[in-house]
>>> print(open('input-v4.cif').read())   # mmCIF, C-alpha atoms and all ligand atoms
data_structure
loop_
_atom_site.label_atom_id
_atom_site.label_comp_id
_atom_site.auth_asym_id
_atom_site.auth_seq_id
_atom_site.Cartn_x
_atom_site.Cartn_y
_atom_site.Cartn_z
CA MET D 28 154.51 105.05 120.61
CA ASN D 29 151.04 103.46 120.55
CA GLN D 30 148.25 105.77 119.36
CA PRO D 31 145.30 105.79 121.79
CA GLU D 32 142.26 103.98 120.40
CA VAL D 33 139.75 106.25 118.63
CA LEU D 34 136.32 105.59 120.15
CA ARG D 35 133.41 105.89 117.75
CA LEU D 36 129.67 105.89 118.03
CA ASP D 37 126.94 106.93 115.62
CA VAL D 38 123.93 109.17 115.92
CA ALA D 39 121.30 107.12 114.08
CA LEU D 40 119.08 109.51 112.13
CA ALA D 41 118.55 107.71 108.80
CA GLU D 42 120.01 109.87 106.00
CA ARG D 43 121.19 112.44 108.57
CA SER D 44 123.19 109.90 110.61
CA TYR D 45 126.73 110.85 111.58
CA PRO D 46 129.68 109.58 113.59
CA ILE D 47 131.18 110.92 116.81
CA HIS D 48 134.94 110.23 117.09
CA ILE D 49 136.62 110.55 120.51
CA ALA D 50 140.35 110.38 121.34
CA PRO D 51 143.22 112.60 122.46
CA GLY D 52 145.12 114.12 119.52
CA LEU D 53 142.34 114.05 116.91
CA LEU D 54 143.02 117.66 115.82
CA ASP D 55 146.24 116.41 114.21
CA GLN D 56 144.73 113.47 112.39
CA ALA D 57 143.02 113.35 109.01
CA LEU D 58 139.54 112.82 110.46
CA ILE D 59 138.18 116.34 109.92
CA ARG D 60 139.38 116.29 106.28
CA GLU D 61 137.68 112.92 105.69
CA HIS D 62 134.28 114.43 106.45
CA VAL D 63 134.60 117.35 104.01
CA ARG D 64 132.77 116.60 100.75
CA GLY D 65 133.51 119.69 98.60
CA ASN D 66 136.68 121.70 97.94
CA GLN D 67 135.95 124.66 100.23
CA VAL D 68 135.98 124.88 103.99
CA MET D 69 135.67 127.70 106.51
CA VAL D 70 136.95 127.09 110.03
CA VAL D 71 135.23 129.39 112.54
CA SER D 72 136.62 129.82 116.04
CA ASN D 73 137.02 132.52 118.65
CA GLU D 74 139.86 134.73 119.87
CA THR D 75 140.59 132.49 122.90
CA ILE D 76 140.65 129.14 121.11
CA ALA D 77 142.16 130.18 117.76
CA PRO D 78 145.66 130.93 119.11
CA LEU D 79 145.67 127.53 120.83
CA TYR D 80 144.27 125.21 118.16
CA LEU D 81 143.33 126.84 114.83
CA GLU D 82 146.60 126.14 113.01
CA ARG D 83 146.49 122.47 113.87
CA VAL D 84 143.06 122.21 112.28
CA THR D 85 143.88 124.19 109.11
CA ALA D 86 147.11 122.18 108.62
CA GLY D 87 145.01 119.13 107.81
CA LEU D 88 142.86 121.01 105.28
CA ALA D 89 145.66 122.50 103.18
CA ASP D 90 144.61 120.80 99.92
CA LEU D 91 141.29 122.73 100.01
CA GLN D 92 140.30 126.39 99.82
CA CYS D 93 140.52 126.79 103.59
CA ASP D 94 139.39 130.12 105.05
CA THR D 95 139.24 131.06 108.70
CA LEU D 96 137.15 133.42 110.78
CA VAL D 97 137.94 134.35 114.38
CA LEU D 98 135.00 135.73 116.37
CA PRO D 99 134.99 137.56 119.71
CA ASP D 100 134.64 135.27 122.74
CA GLY D 101 131.53 135.03 124.89
CA GLU D 102 127.81 134.37 125.13
CA ALA D 103 127.20 138.11 124.62
CA HIS D 104 128.34 137.63 121.00
CA LYS D 105 125.92 134.76 120.25
CA THR D 106 123.78 137.12 118.21
CA LEU D 107 122.36 137.75 114.76
CA ALA D 108 125.02 140.45 114.31
CA THR D 109 127.83 137.90 114.74
CA LEU D 110 126.01 135.47 112.46
CA GLU D 111 126.10 138.16 109.79
CA ARG D 112 129.88 138.26 110.09
CA ILE D 113 129.97 134.56 109.23
CA PHE D 114 127.73 135.12 106.17
CA ASP D 115 129.86 138.12 105.10
CA ALA D 116 133.03 136.01 105.28
CA LEU D 117 131.41 133.19 103.30
CA MET D 118 130.18 135.59 100.61
CA THR D 119 133.46 137.52 100.40
CA ARG D 120 135.40 134.29 99.95
CA ARG D 121 132.79 133.04 97.45
CA HIS D 122 131.81 129.90 99.30
CA SER D 123 129.33 127.82 97.37
CA ARG D 124 126.61 125.42 98.40
CA THR D 125 129.14 122.58 98.66
CA THR D 126 131.23 124.33 101.30
CA THR D 127 131.74 122.90 104.79
CA LEU D 128 131.83 125.02 107.95
CA VAL D 129 133.97 123.75 110.84
CA ALA D 130 133.01 124.91 114.35
CA LEU D 131 136.15 124.93 116.50
CA GLY D 132 135.11 125.96 120.00
CA GLY D 133 132.66 125.58 122.84
CA GLY D 134 128.88 125.63 122.70
CA VAL D 135 128.71 129.29 121.73
CA VAL D 136 130.78 128.81 118.56
CA GLY D 137 129.12 125.45 117.84
CA ASP D 138 125.55 126.75 118.14
CA MET D 139 126.30 129.82 115.99
CA VAL D 140 128.25 128.04 113.27
CA GLY D 141 125.62 125.31 113.14
CA PHE D 142 122.91 127.91 112.65
CA ALA D 143 124.99 129.69 109.98
CA ALA D 144 125.34 126.32 108.21
CA ALA D 145 121.59 125.74 108.46
CA CYS D 146 120.88 129.10 106.78
CA TYR D 147 123.70 129.73 104.29
CA GLN D 148 122.34 128.97 100.83
CA ARG D 149 119.49 127.11 102.60
CA GLY D 150 121.83 124.64 104.26
CA VAL D 151 125.45 123.53 103.93
CA ASP D 152 127.56 120.89 105.69
CA PHE D 153 129.19 121.54 109.02
CA ILE D 154 131.50 119.64 111.33
CA GLN D 155 131.59 120.09 115.09
CA VAL D 156 135.03 120.18 116.73
CA PRO D 157 134.01 120.90 120.34
CA THR D 158 136.65 122.21 122.75
CA THR D 159 134.82 122.51 126.09
CA LEU D 160 133.63 119.55 128.14
CA LEU D 161 130.06 120.88 127.89
CA ALA D 162 130.27 121.01 124.10
CA GLN D 163 131.91 117.57 123.90
CA VAL D 164 129.18 115.88 125.96
CA ASP D 165 126.14 117.89 124.97
CA SER D 166 125.91 120.85 122.61
CA SER D 167 127.90 119.43 119.66
CA VAL D 168 125.61 116.39 119.43
CA GLY D 169 121.99 116.51 118.34
CA GLY D 170 121.72 119.38 115.85
CA LYS D 171 120.20 122.11 118.01
CA THR D 172 121.63 125.38 116.68
CA ALA D 173 120.72 128.93 117.65
CA VAL D 174 121.59 132.50 118.51
CA ASN D 175 120.15 134.58 121.32
CA HIS D 176 117.59 137.38 121.01
CA PRO D 177 117.96 140.28 123.47
CA ARG D 178 114.74 139.04 125.09
CA GLY D 179 115.54 135.36 125.25
CA LYS D 180 118.27 132.77 124.99
CA ASN D 181 118.46 130.49 121.94
CA MET D 182 115.22 131.98 120.63
CA ILE D 183 116.27 132.04 116.96
CA GLY D 184 117.56 128.78 115.60
CA ALA D 185 117.09 125.57 113.66
CA PHE D 186 117.62 121.85 113.87
CA HIS D 187 120.59 121.10 111.59
CA GLN D 188 122.68 118.00 112.18
CA PRO D 189 126.47 118.09 111.68
CA ARG D 190 128.26 115.72 109.26
CA ALA D 191 130.51 114.56 112.10
CA VAL D 192 131.60 115.40 115.64
CA ILE D 193 135.37 115.20 116.20
CA ILE D 194 136.25 115.22 119.91
CA ASP D 195 139.91 115.74 120.78
CA THR D 196 139.92 115.13 124.53
CA ALA D 197 143.45 116.58 124.86
CA VAL D 198 142.17 120.12 124.26
CA LEU D 199 140.51 119.94 127.68
CA ALA D 200 143.99 120.40 129.19
CA THR D 201 143.67 124.16 128.63
CA LEU D 202 140.06 124.46 129.80
CA PRO D 203 139.71 126.49 133.04
CA GLU D 204 138.63 124.43 136.07
CA ARG D 205 135.35 126.28 136.46
CA GLU D 206 134.37 125.56 132.83
CA PHE D 207 135.32 121.91 133.31
CA ALA D 208 133.08 121.62 136.39
CA ALA D 209 130.20 123.26 134.49
CA GLY D 210 130.54 120.53 131.86
CA MET D 211 130.47 117.90 134.60
CA ALA D 212 126.97 119.09 135.55
CA GLU D 213 125.72 117.99 132.11
CA VAL D 214 127.63 114.69 132.44
CA ILE D 215 125.99 114.00 135.81
CA LYS D 216 122.63 114.89 134.22
CA TYR D 217 122.78 111.76 132.00
CA GLY D 218 123.21 109.60 135.11
CA LEU D 219 120.25 111.26 136.76
CA ILE D 220 117.83 111.06 133.83
CA ARG D 221 118.55 107.61 132.39
CA ASP D 222 121.81 105.93 133.42
CA PRO D 223 122.15 105.25 137.17
CA ALA D 224 125.14 102.90 136.63
CA PHE D 225 126.93 105.84 134.96
CA LEU D 226 126.22 107.98 138.03
CA ASP D 227 127.85 105.31 140.25
CA TRP D 228 130.83 105.16 137.89
CA LEU D 229 131.21 108.96 137.88
CA GLN D 230 131.30 109.08 141.66
CA GLN D 231 133.95 106.31 141.77
CA GLN D 232 136.01 108.01 139.06
CA GLN D 233 135.89 111.51 140.55
CA PRO D 234 139.65 111.65 141.36
CA ALA D 235 140.62 110.40 137.87
CA LEU D 236 138.26 112.88 136.24
CA GLU D 237 139.51 115.74 138.40
CA ALA D 238 143.03 114.86 137.26
CA ARG D 239 141.67 114.81 133.66
CA GLN D 240 143.16 111.35 133.11
CA PRO D 241 142.75 110.53 129.40
CA ALA D 242 141.09 107.12 129.80
CA ALA D 243 138.56 108.36 132.36
CA LEU D 244 137.80 111.45 130.27
CA SER D 245 137.25 109.45 127.08
CA GLU D 246 134.96 107.01 128.90
CA ALA D 247 132.91 109.81 130.52
CA ILE D 248 132.54 111.59 127.17
CA LEU D 249 131.68 108.38 125.31
CA ARG D 250 128.99 107.37 127.81
CA SER D 251 127.54 110.90 127.81
CA CYS D 252 127.45 111.06 124.01
CA ARG D 253 125.91 107.58 123.84
CA ASN D 254 123.11 108.68 126.15
CA LYS D 255 122.55 111.86 124.19
CA ALA D 256 122.69 110.07 120.82
CA GLU D 257 120.06 107.55 121.95
CA VAL D 258 117.70 110.27 123.14
CA VAL D 259 118.16 112.33 119.96
CA ALA D 260 117.76 109.31 117.67
CA ALA D 261 114.39 108.59 119.29
CA ASP D 262 113.12 112.20 119.18
CA GLU D 263 115.20 114.46 116.92
CA THR D 264 112.99 117.57 117.09
CA GLU D 265 111.86 117.33 120.74
CA GLN D 266 108.28 116.26 120.28
CA GLY D 267 108.55 114.19 123.47
CA ASN D 268 111.37 112.60 125.46
CA ARG D 269 114.21 114.80 124.17
CA ALA D 270 112.89 117.31 126.71
CA LEU D 271 114.30 115.00 129.43
CA LEU D 272 117.72 116.39 128.51
CA ASN D 273 116.49 119.60 130.10
CA LEU D 274 116.51 118.30 133.68
CA GLY D 275 117.17 121.32 135.89
CA HIS D 276 117.10 123.69 132.92
CA THR D 277 113.79 125.46 133.65
CA PHE D 278 115.00 126.45 137.11
CA GLY D 279 118.48 126.95 135.62
CA HIS D 280 117.43 129.31 132.82
CA ALA D 281 115.56 131.42 135.38
CA MET D 282 118.76 131.65 137.44
CA GLU D 283 120.89 132.46 134.36
CA THR D 284 118.49 135.23 133.37
CA PHE D 285 118.36 136.55 136.93
CA THR D 286 122.17 136.78 137.00
CA HIS D 287 122.17 138.41 133.49
CA TYR D 288 124.16 135.49 131.95
CA ARG D 289 127.20 137.02 133.66
CA ASP D 290 127.68 135.62 137.13
CA TRP D 291 126.81 131.97 136.55
CA LEU D 292 127.84 129.61 133.77
CA HIS D 293 125.09 127.56 132.09
CA GLY D 294 126.29 124.32 133.71
CA GLU D 295 126.37 125.97 137.13
CA ALA D 296 122.75 127.10 136.80
CA VAL D 297 121.78 123.62 135.58
CA ALA D 298 123.49 122.09 138.64
CA ALA D 299 121.46 124.15 141.10
CA GLY D 300 118.37 123.56 138.95
CA MET D 301 118.82 119.78 139.10
CA VAL D 302 118.95 119.87 142.90
CA MET D 303 115.71 121.89 142.85
CA ALA D 304 114.12 119.36 140.46
CA ALA D 305 115.18 116.54 142.80
CA HIS D 306 113.73 118.40 145.80
CA LEU D 307 110.41 118.88 143.98
CA SER D 308 110.44 115.21 142.97
CA ALA D 309 110.73 114.35 146.65
CA GLY D 310 107.84 116.77 147.34
CA GLN D 311 105.81 114.69 144.88
CA GLY D 312 106.65 111.60 146.93
CA TRP D 313 108.81 110.09 144.17
CA LEU D 314 112.32 110.51 145.59
CA GLU D 315 113.55 109.87 149.14
CA ALA D 316 115.32 112.64 151.08
CA ALA D 317 118.50 110.51 150.76
CA ASP D 318 118.19 110.64 146.93
CA VAL D 319 117.97 114.43 147.00
CA GLU D 320 121.05 114.52 149.19
CA ARG D 321 122.85 112.21 146.73
CA VAL D 322 122.09 114.58 143.85
CA ARG D 323 123.23 117.56 145.89
CA ALA D 324 126.44 115.86 147.00
CA ALA D 325 127.33 114.64 143.47
CA LEU D 326 127.21 118.22 142.21
CA ALA D 327 128.69 119.91 145.28
CA ALA D 328 131.68 117.55 144.93
CA TRP D 329 132.53 119.54 141.77
CA LYS D 330 132.08 122.83 143.68
CA LEU D 331 128.96 123.53 141.62
CA PRO D 332 126.25 125.74 143.13
CA VAL D 333 123.41 123.81 144.74
CA THR D 334 121.14 126.65 145.81
CA ALA D 335 119.63 129.74 144.17
CA PRO D 336 121.74 132.86 143.56
CA ARG D 337 121.93 135.44 146.32
CA GLY D 338 119.01 137.86 146.23
CA MET D 339 116.77 135.72 144.02
CA ALA D 340 113.19 135.53 145.35
CA VAL D 341 110.33 133.10 144.75
CA GLU D 342 108.61 135.79 142.65
CA ASP D 343 111.68 136.05 140.39
CA PHE D 344 111.47 132.32 139.70
CA GLU D 345 107.73 132.49 139.03
CA GLU D 346 108.11 135.33 136.56
CA LEU D 347 111.14 133.94 134.72
CA MET D 348 109.99 130.32 134.58
CA ALA D 349 106.79 131.39 132.84
CA LEU D 350 108.94 132.26 129.78
CA ASP D 351 110.29 128.69 129.42
CA LYS D 352 110.07 127.01 125.99
CA LYS D 353 108.39 124.03 127.68
CA VAL D 354 105.29 126.09 128.52
CA GLN D 355 102.42 124.50 126.57
CA ASN D 356 98.95 126.05 126.49
CA GLY D 357 99.86 128.24 129.45
CA ARG D 358 101.03 125.29 131.63
CA LEU D 359 104.64 124.98 132.68
CA ARG D 360 106.01 121.48 132.18
CA LEU D 361 108.96 120.38 134.28
CA VAL D 362 111.45 117.54 134.05
CA LEU D 363 111.28 115.62 137.32
CA LEU D 364 112.66 112.34 138.65
CA LYS D 365 110.50 109.30 139.42
CA GLN D 366 113.70 107.69 140.66
CA ILE D 367 117.39 108.41 140.18
CA GLY D 368 117.92 107.29 136.58
CA ASN D 369 114.28 107.64 135.57
CA ALA D 370 113.03 111.08 134.50
CA LEU D 371 109.72 112.29 133.13
CA VAL D 372 108.41 115.56 131.73
CA THR D 373 105.13 116.56 133.28
CA ALA D 374 102.73 119.42 133.92
CA GLU D 375 101.00 117.25 136.57
CA TYR D 376 102.88 118.31 139.69
CA ASP D 377 101.48 119.76 142.88
CA PRO D 378 101.79 123.60 142.70
CA ASN D 379 102.13 123.67 146.49
CA ALA D 380 105.10 121.32 146.29
CA LEU D 381 106.68 123.63 143.67
CA MET D 382 106.14 126.59 146.01
CA ARG D 383 107.77 124.68 148.89
CA THR D 384 110.80 123.95 146.66
CA LEU D 385 111.13 127.59 145.59
CA GLU D 386 110.87 128.71 149.21
CA ALA D 387 113.47 126.16 150.32
CA PHE D 388 116.03 127.37 147.76
CA CYS D 389 115.49 131.14 147.92
CA GLU D 390 116.75 133.47 150.58
CA ARG D 391 114.02 135.04 152.63
P1 LIG G 401 131.60 128.70 125.63
O1 LIG G 401 131.48 128.26 124.23
O2 LIG G 401 131.36 130.11 125.94
O3 LIG G 401 133.05 128.28 126.15
C1 LIG G 401 133.41 128.62 127.48
C2 LIG G 401 134.75 129.39 127.55
O4 LIG G 401 135.82 128.47 127.38
C3 LIG G 401 134.90 130.43 126.45
O5 LIG G 401 135.58 131.54 126.97
C4 LIG G 401 135.78 129.71 125.44
O6 LIG G 401 136.49 130.59 124.60
C5 LIG G 401 136.69 128.93 126.34
N1 LIG G 401 137.27 127.71 125.77
C6 LIG G 401 136.66 126.82 124.96
N2 LIG G 401 137.44 125.76 124.76
C7 LIG G 401 138.59 125.99 125.42
C8 LIG G 401 139.80 125.25 125.60
N3 LIG G 401 139.94 124.02 125.11
N4 LIG G 401 140.78 125.80 126.34
C9 LIG G 401 140.61 127.03 126.91
N5 LIG G 401 139.48 127.76 126.81
C10 LIG G 401 138.48 127.24 126.06
O7 LIG G 401 130.64 127.85 126.60
P2 LIG G 401 130.13 126.33 126.59
O8 LIG G 401 129.86 126.00 128.00
O9 LIG G 401 131.01 125.46 125.79
O10 LIG G 401 128.75 126.43 125.81
C11 LIG G 401 127.67 127.17 126.31
C12 LIG G 401 126.72 127.43 125.16
O11 LIG G 401 126.25 126.18 124.67
C13 LIG G 401 125.50 128.23 125.54
O12 LIG G 401 125.31 129.23 124.57
C14 LIG G 401 124.35 127.22 125.50
O13 LIG G 401 123.14 127.80 125.12
C15 LIG G 401 124.85 126.26 124.47
N6 LIG G 401 124.29 124.90 124.58
C16 LIG G 401 123.76 124.35 123.47
C17 LIG G 401 123.26 123.07 123.52
C18 LIG G 401 122.75 122.42 122.27
O14 LIG G 401 122.16 121.35 122.34
N7 LIG G 401 122.95 123.02 121.12
C19 LIG G 401 123.32 122.33 124.71
C20 LIG G 401 123.88 122.93 125.83
C21 LIG G 401 124.37 124.23 125.76
N1 LIG G 402 120.71 120.20 125.35
C1 LIG G 402 119.36 119.77 125.13
C2 LIG G 402 119.13 119.12 123.82
O1 LIG G 402 120.02 118.97 123.04
O2 LIG G 402 118.03 118.76 123.53
#
>>> encode(input="input-v4.cif", output="structure tokens", more="lines below")
Ligand code: NAD
Ligand code: GLY
Amino acid sequence: MNQPEVLRLDVALAERSYPIHIAPGLLDQALIREHVRGNQVMVVSNETIAPLYLERVTAGLADLQCDTLVLPDGEAHKTLATLERIFDALMTRRHSRTTTLVALGGGVVGDMVGFAAACYQRGVDFIQVPTTLLAQVDSSVGGKTAVNHPRGKNMIGAFHQPRAVIIDTAVLATLPEREFAAGMAEVIKYGLIRDPAFLDWLQQQQPALEARQPAALSEAILRSCRNKAEVVAADETEQGNRALLNLGHTFGHAMETFTHYRDWLHGEAVAAGMVMAAHLSAGQGWLEAADVERVRAALAAWKLPVTAPRGMAVEDFEELMALDKKVQNGRLRLVLLKQIGNALVTAEYDPNALMRTLEAFCER
């Protein structure tokens, strides 16, 4: 039987450059092993993903000292306490500075293992093996790593780029529908901020993507990763345009916090946040009402939320948005759309237009 083609693209960051490999079945190929430089490896996963995929990954690393660590599942465990478990395991198994950590999981595992790799002995190699759509198109690429603080999400972290990102699209077969749709919000985001042709393609390919057809999935992931890689290569540590990747996130983080990170998934909050950003962009006179409706419909087609959570008031948004990492010198900056496919980050928006957007999306 013919093997599907392995798609490859590179994140161009001089001496920190690395490849992204995309194809169904990559867990069973030698690719992960090829990116390990020393003779020790620790594969970190969680209790949901490990029974499904851990053995397939360790089978390819059998010629090395290969240790495993299975963490509890969930955003609630993305903490310094869990990070300490990773360090304990590394110390107990005497991992040296030439070890490689492998993150097998979604964004929670990837962000935590990446941060552990950034800190352990002042920095060791790590490989991202993302298993959710969101992690395959966003969190595994670009080197943002972090854990949460009780008072704020992703507040303790580092930039630390992986050695490689290995994307096995076949693992998405076991991903729950709701998680898949949440990942689609981040995919649609790339169309909205910088790739309008991709947005057209995504709308045409909706049935194929819903059916998780391998060719459509690989293409959607490749085009998403290419967009992300280009943005990251131009602004690795978010001094400027990398912030465009946060379209909808300022509104979204406020909604995630309001719902205690329990009721809404990150991608769901980002979906509603992107509709709010589009509405405000129209309030600025940049988008037409028809554009706002297009954004809303593209997300609603995936059954993603397109309005604020029940019970959330304008004052809740005002209070929670003031905590955003994009606040500079006391001014909240927002990612808005000049057109579909052309985003900007700006503090120069009309506060009255922002108020009208908040009022339009909150229940009275
Ligand atoms: P997640 O890691 O919690 O995964 C979602 C759920 O799916 C979990 O229960 C997980 O165990 C399960 N799962 C994962 N893969 C599976 C599979 N193949 N089959 C069945 N179940 C599977 O959530 P996520 O959406 O992947 O990531 C969200 C996290 O990513 C957040 O913490 C967010 O802050 C972070 N994030 C980071 C960046 C970045 O640039 N570093 C970007 C976006 C989001
Ligand atoms: N997910 C936003 C970023 O990587 O910058």
>>> atom_distance(input="input-v4.cif", atom1="atom CA of Ala281 of chain D", atom2="atom CA of Phe344 of chain D")
6.0 Å
>>> residues_around(input="input-v4.cif", residues="Thr384 of chain D", least_positions_apart="3", cutoff="9 Å", atoms="all atoms listed in the file", output="list in words")
Met303, Ala304, His306, Leu307, Gly310, Asn379, Ala380, Leu381, Ala387, Phe388 and Cys389 of chain D
>>> closest_residue(input="input-v4.cif", among="D:Thr158, D:Gln231, D:Thr119, D:Thr95", to="Ile193 of chain D", atoms="only C-alpha atoms")
D:Thr158
>>> residues_near_point(input="input-v4.cif", point="(119.5, 128.8, 122.6)", cutoff="10 Å", atoms="only C-alpha atoms", output="ChimeraX atom specification")
/D:105,134-135,138-139,171-176,179-185
>>> residues_near_ligand(input="input-v4.cif", ligand="ligand LIG 401 (chain G)", cutoff="7 Å", atoms="all atoms listed in the file", output="ChimeraX atom specification")
/D:73,75-76,100-102,132-136,138,158-162,165-172,180-181,198-203,206,210,293-294
>>> residues_near_point(input="input-v4.cif", point="(140.8, 122.6, 110.8)", cutoff="8 Å", atoms="all atoms listed in the file", output="PyMOL selection string")
chain D and resi 54+59-60+70+81-88+129+131
>>> atom_distance(input="input-v4.cif", atom1="atom CA of Leu128 of chain D", atom2="atom CA of Gln188 of chain D")
12.3 Å
>>> atom_distance(input="input-v4.cif", atom1="atom CA of Ala296 of chain D", atom2="atom CA of Ala349 of chain D")
17.0 Å
>>> closest_residue(input="input-v4.cif", among="D:Asp94, D:Asp152, D:Glu257, D:Asp222", to="Leu36 of chain D", atoms="all atoms listed in the file")
D:Glu257
>>> axis_aligned_box(input="input-v4.cif", around="ligand LIG 402 (chain G)", padding_each_side="3 Å", output="AutoDock Vina command-line options")
--center_x 119.4 --center_y 119.5 --center_z 124.2 --size_x 8.7 --size_y 7.4 --size_z 8.3
>>> closest_residue(input="input-v4.cif", among="D:Leu96, D:Val192, D:Val259, D:Ala145", to="Ala39 of chain D", atoms="only C-alpha atoms")
D:Val259
>>> residues_around(input="input-v4.cif", residues="Val38 of chain D", least_positions_apart="3", cutoff="6 Å", atoms="only C-alpha atoms", output="compact mmCIF listing (two decimals) with C-alpha atoms, keeping the file's coordinate frame")
# COMPACT_ATOMS: atom_id res chain seq x y z
CA SER D 44 123.19 109.90 110.61
CA TYR D 45 126.73 110.85 111.58
CA ALA D 256 122.69 110.07 120.82
>>> closest_residue(input="input-v4.cif", among="D:Leu40, D:Val214, D:Ala143, D:Leu34", to="ligand LIG 402 (chain G)", atoms="only C-alpha atoms and all ligand atoms")
D:Val214
>>> closest_residue(input="input-v4.cif", among="D:Thr125, D:Gln163, D:Thr284, D:Asn356", to="ligand LIG 402 (chain G)", atoms="all atoms listed in the file")
D:Gln163
>>> closest_residue(input="input-v4.cif", among="D:Gln30, D:Asn254, D:Gln56, D:Ser245", to="ligand LIG 402 (chain G)", atoms="only C-alpha atoms and all ligand atoms")
D:Asn254
>>> residues_around(input="input-v4.cif", residues="Thr286 of chain D", least_positions_apart="4", cutoff="9 Å", atoms="only C-alpha atoms", output="ChimeraX atom specification")
/D:281-282,290-291,336,339
